[in-house]
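First the structure, in the form of structure tokens, and then the observations on it.
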Amino acid sequence: MNAPGKAWLSAADAATLLRVSRATLYAYVSRGFLRSQPMPGATRERGYSRDDVERLRRRTEERRSPDKAAARALQWGMPILESSITFIDGKHLYYRGQDATMLARSRSVEEVASLVWTGRFDTPLSNAPPASARPATAGRRARSGGLPFAGRAQSALAAAAAGDPLAFDVRPAGAVSCGWRILRLLTAIAAGSGAGDATVDRALARAWGVEARGADVVRSALILCADHELNVSSFTARCVASSGSNPYSVVIAGLAALEGPKHGGAGARVESIFAAMRRSRRLRDAVAARLARGEPIDGFGHPLYPDGDPRAMMLLGLLRERYAKSAELRFVLDVAAAASATLRERPNVDFALAAAARVLRLPPGAPLMMFAIGRTIGWIGHAIEQYATGQLIRPRAKYVGVVPAGT
């Protein structure tokens with residue numbers, strides 16, 4: 001059989017996985033259900049898309065067992081909602097048909113927010129917020145009490161919503177304007193002060209003491225985190241929007257999901273791995289020792305990218321370009337090599353965000369802050385889509401408890 005990570009399968013392997021004859025396999029290709037291409041080399045063998053094979057196989061299983069299909073739908077299963085924002089093909093990430101890694105190299109955060117929210121790069125996002133909801137004002141209210149970023153942001157968002165008379169204008173233009181106010185507010189909270197006239201990335205870079213080449217890394221990180229289809233925080237945000245709640249509540253809910261250690265909070269776990277391994281001379285041995293103790297190695301592998309997370313590859317590549325002589329960069333790349341050799345998995349975006357924070361010497365918690373501010377763009381985009389449907393997201397649960405008497 002072909003290796004599990006290969007994107008293209010032989011005819012024999014594809015037919016075996018689908019439990020069909022080769023004639024049926026070829027019929028799937030002719031009907032457009034299955035992509036096929038010539039394999040490299042002198043042979044006349046053709047390869048068959050693993051993604052398409054897996055999709056067809058799941059559809060067959062789902063027809064045979066609808067209950068199992070419903071259970072899998074919420075765990076990397078078949079799509080359950082329609083969206084025009086993000087497309088993932090196993091190798092690339094696209095926002096409204098635009099390659100996210102190219103956008104991260106060539107576009108501003110504001111342009112990408114405009115693209116995600118409206119489908120255009122040039123939608124004006126500079127509408128002044130109501131005075132009581134200005135970022136600097138709400139940001140000052142939320143900087144006390146020693147709360148972590150997510151807690152400070154949620155407090156500030158709740159305060160800003162209470163003072164924003166336009167919060168419940170969820171028509172497209174109103175939601176876009178509110179989304180921009182929210183993005184500026186979160187930037188002010190992360191920066192510790194109002195952003196002024198600076199762009200989102202420049203405001204963060206200035207507050208964090210990052211030079212121009214580092215500001216470009218921050219900008220790219222924010223854009224690469226902007227959306228990722230129906231991840232847990234975006235699905236949560238979309239459910240909240242479906243109830244008619246305002247965009248502030250949508251982002252508050254998204255933050256609650258994002259900070260969990262299985263989602264955006266994974267960056268903090270990667271930071272702790274860096275701290276623990278910084279003095280290790282034999283990193284492979286250190287990785288093996290962690291695994292032997294039952295400690296996870298976060299920041300590697302992603303179910304949607306069998307050949308590697310393109311967001312991580314782009315960010316780590318940018319760090320190589322801008323910080324080639326950095327001792328911290330050499331260290332994080334050595335950690336990546338040691339862990340990849342042991343786990344047989346490549347770094348994902350959580351690893352890349354933590355690596356960028358270490359190389360740029362950003363404040364503690366910066367990986368989550370960059371993730372949250374970037375992902376807010378996607379949360380608002382999903383909210384805008386959901387508002388337009390007018391539908392409440394309300395799936396059913398399959399009851400497996402005690403059956404009441406008399407039923």
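In the structure tokens, each chain is lettered A, B, ... as it comes, each chain's residues begin at 1, and ligands are numbered from 1 in order of appearance.
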Inset, instruction - Excluding range 80-94 of chain A and any residue of its chain fewer than 5 positions from it, enumerate the residues within 7 Å of it, using only C-alpha atoms, and give them as a PyMOL selection string. - result: chain A and resi 73+99-100+116+227-229+304-307+310
Those same residues - C-alpha atoms - I'd like them written as a JSON list (two decimals), in the first residue's frame.
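Once written, out-v7.json looks like this:
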[["chain", "number", "residue", "atom", "x", "y", "z"],
["A", 73, "ALA", "CA", -19.69, 15.20, 10.93],
["A", 99, "ASP", "CA", -3.85, 31.81, -1.65],
["A", 100, "ALA", "CA", -3.42, 32.85, 2.00],
["A", 116, "VAL", "CA", -12.94, 38.10, 4.06],
["A", 227, "ASP", "CA", -9.62, 31.98, 9.02],
["A", 228, "HIS", "CA", -9.47, 28.21, 8.81],
["A", 229, "GLU", "CA", -12.93, 27.01, 7.88],
["A", 304, "LEU", "CA", -6.06, 18.69, 6.93],
["A", 305, "TYR", "CA", -2.45, 18.93, 5.73],
["A", 306, "PRO", "CA", -0.80, 15.50, 5.39],
["A", 307, "ASP", "CA", 2.24, 17.05, 3.68],
["A", 310, "PRO", "CA", 1.37, 25.75, 4.63]]
Legend entry - Exercise: Asp201 in chain A partners within 12 Å, only C-alpha atoms, chain neighbours under 6 positions left out, as an MDAnalysis selection string: chainID A and resid 104 107:110 183:184 186:188 190:191 195 207:223 369:370 373:374
Inset, instruction - Kindly give the distance, in Å, that separates CA of Glu271 in chain A and CA of Arg152 in chain A, rounded to a single decimal. - result: 21.0 Å
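The residue that comes closest to Glu295 in chain A, out of A:Arg46, A:Pro172, A:Ile273, A:Arg278 and on the basis of only C-alpha atoms, is A:Ile273.
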Inset, instruction - Apply DSSP to the backbone of this structure and, from range 183-237 of chain A, keep only the residues in helix (DSSP H, G or I); write these as a PyMOL selection string. - result: chain A and resi 183-191+200-207+212-224+232-237
Who sits within 8 Å of Leu329 in chain A, only C-alpha atoms, same chain under 5 positions skipped, as a PDB file with N, CA and C atoms, in the first residue's frame:
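As written to disk, part15.pdb reads:
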ATOM      1  N   LEU A 319      10.879  33.708   8.644  1.00  0.00           N
ATOM      2  CA  LEU A 319      11.866  33.882   9.710  1.00  0.00           C
ATOM      3  C   LEU A 319      13.271  33.577   9.200  1.00  0.00           C
ATOM      4  N   ARG A 320      13.394  32.560   8.362  1.00  0.00           N
ATOM      5  CA  ARG A 320      14.712  32.250   7.782  1.00  0.00           C
ATOM      6  C   ARG A 320      15.220  33.406   6.928  1.00  0.00           C
ATOM      7  N   TYR A 323      15.721  36.560   9.641  1.00  0.00           N
ATOM      8  CA  TYR A 323      16.532  36.374  10.855  1.00  0.00           C
ATOM      9  C   TYR A 323      17.513  35.222  10.680  1.00  0.00           C
ATOM     10  N   ALA A 324      18.190  35.204   9.551  1.00  0.00           N
ATOM     11  CA  ALA A 324      19.071  34.080   9.216  1.00  0.00           C
ATOM     12  C   ALA A 324      20.178  33.867  10.250  1.00  0.00           C
ATOM     13  N   ALA A 355       7.363  29.972  17.556  1.00  0.00           N
ATOM     14  CA  ALA A 355       8.714  30.213  17.053  1.00  0.00           C
ATOM     15  C   ALA A 355       8.909  31.688  16.730  1.00  0.00           C
ATOM     16  N   VAL A 359      11.718  34.180  18.412  1.00  0.00           N
ATOM     17  CA  VAL A 359      12.750  34.836  17.603  1.00  0.00           C
ATOM     18  C   VAL A 359      12.625  36.354  17.700  1.00  0.00           C
TER      19      VAL A 359
END
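Nearest residue to Ser233 in chain A among A:Leu103, A:Ile380, A:Leu353, A:Leu147 is A:Ile380, counting only C-alpha atoms.
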Inset, instruction - Just the residues within 8 Å of Ala268 in chain A, please, counting only C-alpha atoms, with nothing from its chain fewer than 5 positions along; format it as a PyMOL selection string. - result: chain A and resi 261+354+365+367-368
Inset, instruction - Grab the CA of Pro148 in chain A to CA of Arg206 in chain A distance for me, in Å with one decimal place. - result: 20.4 Å
Hey, what's within 12 Å of Pro40 in chain A if we count only C-alpha atoms and toss same-chain stuff fewer than 4 positions away? As a CSV table (one decimal) with C-alpha atoms, in the first residue's frame, please?
chain,number,residue,atom,x,y,z
A,8,TRP,CA,-1.9,10.3,-4.9
A,10,SER,CA,-2.1,3.8,-7.2
A,44,ARG,CA,2.1,4.6,-17.7
A,45,GLU,CA,0.6,4.3,-14.2
A,46,ARG,CA,-1.8,6.9,-13.1
A,47,GLY,CA,-2.3,8.3,-9.6
Inset, instruction - Could you tell me which of A:Thr16, A:Ser245, A:Thr24, A:Asn348 comes closest to Gly264 in chain A if we count only C-alpha atoms? - result: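 Smallest separation from Gly264 in chain A among the options: A:Asn348.
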Legend entry - Residue neighbourhood Val349 in chain A, 9 Å, only C-alpha atoms, exclusion window fewer than 6 positions, as a PyMOL selection string: chain A and resi 221+224-225+267+299-300+309-313+315
Would you save the residues of that selection, restricted to C-alpha atoms, as a PDB file, in the first residue's frame?
ATOM      1  CA  ALA A 221       1.104  35.768  11.151  1.00  0.00           C
ATOM      2  CA  LEU A 224      -2.330  33.409   8.092  1.00  0.00           C
ATOM      3  CA  CYS A 225      -4.516  33.087  11.205  1.00  0.00           C
ATOM      4  CA  GLY A 267       0.984  27.978  21.346  1.00  0.00           C
ATOM      5  CA  GLY A 299       2.824  21.998  17.502  1.00  0.00           C
ATOM      6  CA  PHE A 300       3.205  19.150  14.998  1.00  0.00           C
ATOM      7  CA  ASP A 309       0.812  23.028   7.271  1.00  0.00           C
ATOM      8  CA  PRO A 310       1.366  25.750   4.626  1.00  0.00           C
ATOM      9  CA  ARG A 311       0.910  28.467   7.258  1.00  0.00           C
ATOM     10  CA  ALA A 312       3.815  27.102   9.288  1.00  0.00           C
ATOM     11  CA  MET A 313       5.993  26.632   6.221  1.00  0.00           C
ATOM     12  CA  LEU A 315       6.065  31.719   8.596  1.00  0.00           C
TER      13      LEU A 315
END
